[in-house]
Amino acid sequence: MEDPAQLKEEGNKYFQANDYESAINSYTKAMKLTMDKSLQAVLYRNRAACFLKKESYAQAASDASRAIDINASDIKALYRRSQALESLGKLDQAFKDVQRCATIEPRNKNFQETLRRLGAKIQENLHIQFSTDARVQNMFEILLDGNSEKEKREKAANNLIVLGREEAGAERIFQNNGVKLLLQLIETKNPEMILAAIRTLSGMCTGHKARATAILHLLGIDKICMWMAVDNEEISMAVCNLLQVITDSLSGEGEKEQHGKEAALVLDTKKDLKMITMHLLDMLVSKKVSGQGRDQALNLLSKNIPRKDLRIHDNSKTIFVIDSGLKKILKVVGQVPELPNCLPLTENTRMIASILLNKLYDDLRCDPERDNFREICEEYIKSKVDPQDMDKTLHAVQTVSGIMQGPFDLGNKLLGMTGVMEMMVALCGSEREIDQLVAVEALIHASTKLSRATFIITNGVTLLKEVYKKTQNEKIKIRALVGLCKLGSAGGTDYGLRQFAEGSTEKLAKQCRKWLCNTSIDIRTRKWAVEGLAYLTLDADVKDDFVEDKPALEAMFELAKTSDKTILYSVASTLVNCTNSYDVKELVPELVQLAQFSKQHVPEEHPKDKKDFVLKRVKRLLKAGVISALACMVKADSAILTDQTKELLARVFLALCEDPKDRGTIVAQGGGKALIPLALEGTDVGKVKASHALAKIAAISNPDIAFPGERVYEVVRPLVSLLNTERDGLQNYEALLGLTNLSGRSDKLRLKIIKEKALPDIENYMFENHDQLRQAATECMCNLVVNKEVQERFVADGNDRLKLIVLLCGEDDVKVQNAAAGALAMLTAAHKKLCHKMTQVTTQWLEILQRLCLHEKLEVQHRGLVVAHNLINADQELAKKLVESEMLEILTLVGKQADDSKKQHVINVARECLVKCMDYELIKPFSQA
């Protein structure tokens, strides 16, 4: 085995020979082999010198810091860190290190000279920093100068964005004619400059009502909408974000604290908000607006018009939009992309419009309001039906089809309008392919509910089969097939309720998989194959075959990552079916017998829906790359990612997290990160499912890897939400495990857990009769008592917190004992008052402490002895109480044991207790007896 000292010398030789790479290797090897702290410090210091020579300044600073952690006055390490920090531009930190060097060695001229040089540099930088006006001016000069270098312009653009996000910078830009200059940047027609200007404006408007109002009027809503209308996704989204920020600031959301004159300004923003809404509605029907722009206008309406919380009484914004713009939304929904006079659309536009209709309809409070909504729709559809103009009639059917993807019940009522079903039937028989296409899609949307499907099965199946057989067009064929799939799956997961003959669903599914894998077919058509599978995978034979077909799975995941987001719900539904993560009603055996006796239908479970089959399917999905597809789907910044879709994704994630062995893979592929937004917003069920999946990951993963950076703090709230009596025991337990893991990482995380008001819940679970819950809660508290705020709660008078901990130390469950003893050891070490309090909370305290100190598990025994040590050190009177009990015998018995490396830490604590008692002269050394 190699000797660390020898490796160090070898490294030194390489360093002198300027072979820094070999020197680094030698020092690194030596580090792994030695436990000697002083040698480790030298090795880190030497390796830092190598990194300095290689100009790897971040690594040099890191190694020098490690040497300083071991020896705070290591002058060489301090100077090397100073050099590295200076090269990294961290002048103030570099100055502090040299200052420490100069304090240790005041006569060292090199240190004095470096101090002078760094001091001058810092002053110069401060002078530049404080002249923000000059910076702003300089940035605009670079940006507006067509001859400046590309790199310089990019840097100036980024600096401007950063400056706009800071309050002082934003105000400087605003005061220095900045809005006018930003307008000039937008007028350069250079996409990068436009983006920089718009992002800077967004920063300036964030949380500042007066500035947002002024900027809105200086720019003009017409201009802002014109920029959003461009056919450039990035610019359109950036302008959409700017309008959202202005809307939030005007309506008082996300407001920063403002002082002085600003706070005194009372701005009536309702007029401005109404003006923004009117312009967005006008954008919907304008031919000058790109598909991207239309999508963003719909997204903004979707986000800002319906109430966020139905407990708020006022839905006047929705009423206003219905009265002023419902027909405009219906026009978008009814667009037929294949017709020549179609508005510019993206693949997502009609779906976003359907979702907006649904949200507006759901936001209505009473029947008269809903009747008004329906009447406007009916009137609009009637105005489009024209037997002489087939294109106009197509628009009417397409509108009904779009409404059925939104407020379904309303769509159903519109289907019942005189002539609508007849129109569909007529279009199915038309010679024009576009007519068949629209009619088949409408039939598919009409057959979503079982009650409606039975009506359509009698009429529609024949129609669809006819279309399927007759047409040569793949696009129509695939849609007709999906209609048949949808009707074929009307029985749901019920094995006994089959609409079609045995085996026909598998044939349909096989055909769908074939189309799904055929990349020569356009995406919009292949999307329908997934739509078909979303229904057919309710059948267990189909889902089992599908997960075996890796190319089909991968093709579906690739489609989920494309810009066509209308596929999200179908992919999510298919995955829910494959993982069986839908809710299944438990059947009560007595009721089943009763139903069979009265010849009622009883749902049957398919043999392939049993647990072992589901687990196999989960493994196959993970192997095919389901996590990266899910992560991509969660990122979709669009109204199409509805709360229902989020719930489906959360269900899938929870099913995938079931086996602890798979959680590492899920984390590695970004699953932890993707779950956070699902746990924070969506349906109540979805949030609980996502929070539970997060708890499963947080319970066993390294939080720094699973939730890197600041994200880890966002995980706390979802976990705390599971500490609720309405949640089941498993959710409580895994949330407690996750919080235990997080609370062991840092005090900042402990503070976050306290801030989320988790402490009372954790304390409640420490009283729980359920062993595992009590154990998990106690372990969590053991980590939390390191925090001063938690300690104060124990010190405060008039509570039984300490009593509970002492009594838990006397439990039979070893894990509970261990955690409680750990908490008690930390509490008594932190506060002398708690040492006294411990002897007063229960008469059993001494007996419990003695049991801990005699425990067969070394870890528990060690914690018990530390508590005894804390009591003895706190006060002579407490020490006397212990000496006068059997505790003295226990301490003597443990302390007299021969040295043993396995339990030396235990023996040492007992000996320290005895030594302290001797200092108090409560006992005499053995030799004097």
# chains A, B, ... in the order shown; residues from 1 in each chain; ligands from 1

$ residues_around --residues "Leu678 in chain A" --least-positions-apart "3" --cutoff "7 Å" --atoms "only C-alpha atoms" --output "PyMOL selection string"
chain A and resi 646+650+675+681-682+687+690

$ residues_around --residues "Arg851 in chain A" --least-positions-apart "5" --cutoff "9 Å" --atoms "only C-alpha atoms" --output "list in words"
Cys809, Gly810, Leu846, Gln861 and Gly864 of chain A

$ closest_atom_pairs --of "range 264-333 of chain A" --to "range 387-408 of chain A" --cutoff "9 Å" --atoms "only C-alpha atoms" --output "Markdown table"
| residue | atom | partner | partner_atom | distance |
| --- | --- | --- | --- | --- |
| A:Leu330 | CA | A:Thr399 | CA | 6.4 |
| A:Lys331 | CA | A:Thr399 | CA | 7.5 |
| A:Val332 | CA | A:Thr399 | CA | 8.4 |
| A:Val333 | CA | A:Gly402 | CA | 5.4 |

$ residues_around --residues "range 226-233 of chain A" --least-positions-apart "4" --cutoff "7 Å" --atoms "only C-alpha atoms" --output "PyMOL selection string"
chain A and resi 222+237+239-240+289-290+292-293

$ write_last_selection --atoms "N, CA, C and O atoms" --output "compact mmCIF listing (two decimals), in the first residue's frame"
# COMPACT_ATOMS: atom_id res chain seq x y z
N ASP A 222 -51.69 49.18 -28.30
CA ASP A 222 -51.69 48.78 -29.73
C ASP A 222 -50.34 48.22 -30.12
O ASP A 222 -50.24 47.18 -30.78
N MET A 237 -43.84 35.08 -26.90
CA MET A 237 -43.92 34.66 -25.49
C MET A 237 -43.39 35.72 -24.55
O MET A 237 -43.93 35.95 -23.47
N VAL A 239 -43.38 38.97 -25.03
CA VAL A 239 -44.36 40.07 -24.96
C VAL A 239 -45.56 39.63 -24.10
O VAL A 239 -46.09 40.41 -23.31
N CYS A 240 -45.95 38.37 -24.26
CA CYS A 240 -47.04 37.82 -23.45
C CYS A 240 -46.66 37.93 -21.96
O CYS A 240 -47.48 38.35 -21.13
N VAL A 289 -52.68 38.82 -37.13
CA VAL A 289 -52.05 38.19 -35.96
C VAL A 289 -51.58 36.78 -36.32
O VAL A 289 -52.33 36.00 -36.92
N SER A 290 -50.33 36.46 -35.94
CA SER A 290 -49.79 35.12 -36.23
C SER A 290 -50.46 34.09 -35.32
O SER A 290 -51.10 34.45 -34.33
N GLN A 292 -48.91 32.13 -33.31
CA GLN A 292 -48.27 32.27 -31.98
C GLN A 292 -48.94 33.37 -31.17
O GLN A 292 -49.22 33.22 -29.99
N GLY A 293 -49.15 34.53 -31.85
CA GLY A 293 -49.75 35.68 -31.18
C GLY A 293 -51.15 35.36 -30.68
O GLY A 293 -51.54 35.74 -29.58

$ residues_around --residues "Leu7 in chain A" --least-positions-apart "3" --cutoff "7 Å" --atoms "only C-alpha atoms" --output "PDB file with C-alpha atoms, in the first residue's frame"
ATOM      1  CA  ASP A   3       2.371   5.862   1.829  1.00  0.00           C
ATOM      2  CA  PRO A   4       0.574   9.294   1.927  1.00  0.00           C
ATOM      3  CA  GLU A  10       6.348  12.776  -5.076  1.00  0.00           C
ATOM      4  CA  GLY A  11       3.753  15.519  -5.768  1.00  0.00           C
ATOM      5  CA  SER A  26      -0.233  12.384  -6.361  1.00  0.00           C
ATOM      6  CA  TYR A  27      -1.805  14.817  -3.875  1.00  0.00           C
ATOM      7  CA  ALA A  30      -2.520  10.870  -0.744  1.00  0.00           C
TER       8      ALA A  30
END

$ select_by_dssp --residues "range 633-705 of chain A" --states "alpha helix (DSSP H)" --output "count of residues only"
52

$ residues_around --residues "Ala706 in chain A" --least-positions-apart "6" --cutoff "8 Å" --atoms "only C-alpha atoms" --output "list in words"
Val667, Ala668, Gly670, Gly672, Lys673, Ile697 and Ala698 of chain A

$ write_last_selection --atoms "N, CA, C and O atoms" --output "JSON list (two decimals), in the first residue's frame"
[["chain", "number", "residue", "atom", "x", "y", "z"],
["A", 667, "VAL", "N", -35.02, 10.40, -10.38],
["A", 667, "VAL", "CA", -34.28, 11.62, -10.00],
["A", 667, "VAL", "C", -33.26, 11.98, -11.07],
["A", 667, "VAL", "O", -33.16, 13.14, -11.50],
["A", 668, "ALA", "N", -32.51, 10.97, -11.53],
["A", 668, "ALA", "CA", -31.44, 11.21, -12.52],
["A", 668, "ALA", "C", -31.99, 11.82, -13.80],
["A", 668, "ALA", "O", -31.31, 12.60, -14.47],
["A", 670, "GLY", "N", -34.56, 13.86, -14.02],
["A", 670, "GLY", "CA", -35.25, 15.14, -13.79],
["A", 670, "GLY", "C", -36.66, 15.02, -13.27],
["A", 670, "GLY", "O", -37.43, 15.98, -13.30],
["A", 672, "GLY", "N", -37.70, 14.58, -10.09],
["A", 672, "GLY", "CA", -37.89, 15.32, -8.84],
["A", 672, "GLY", "C", -38.27, 16.76, -9.12],
["A", 672, "GLY", "O", -39.22, 17.32, -8.56],
["A", 673, "LYS", "N", -37.51, 17.35, -10.05],
["A", 673, "LYS", "CA", -37.70, 18.75, -10.43],
["A", 673, "LYS", "C", -39.09, 18.95, -11.06],
["A", 673, "LYS", "O", -39.80, 19.91, -10.77],
["A", 697, "ILE", "N", -39.71, 10.32, -3.01],
["A", 697, "ILE", "CA", -38.36, 10.64, -3.48],
["A", 697, "ILE", "C", -37.54, 11.27, -2.35],
["A", 697, "ILE", "O", -36.40, 10.88, -2.09],
["A", 698, "ALA", "N", -38.14, 12.25, -1.65],
["A", 698, "ALA", "CA", -37.42, 12.97, -0.59],
["A", 698, "ALA", "C", -37.04, 12.05, 0.57],
["A", 698, "ALA", "O", -36.06, 12.29, 1.26]]
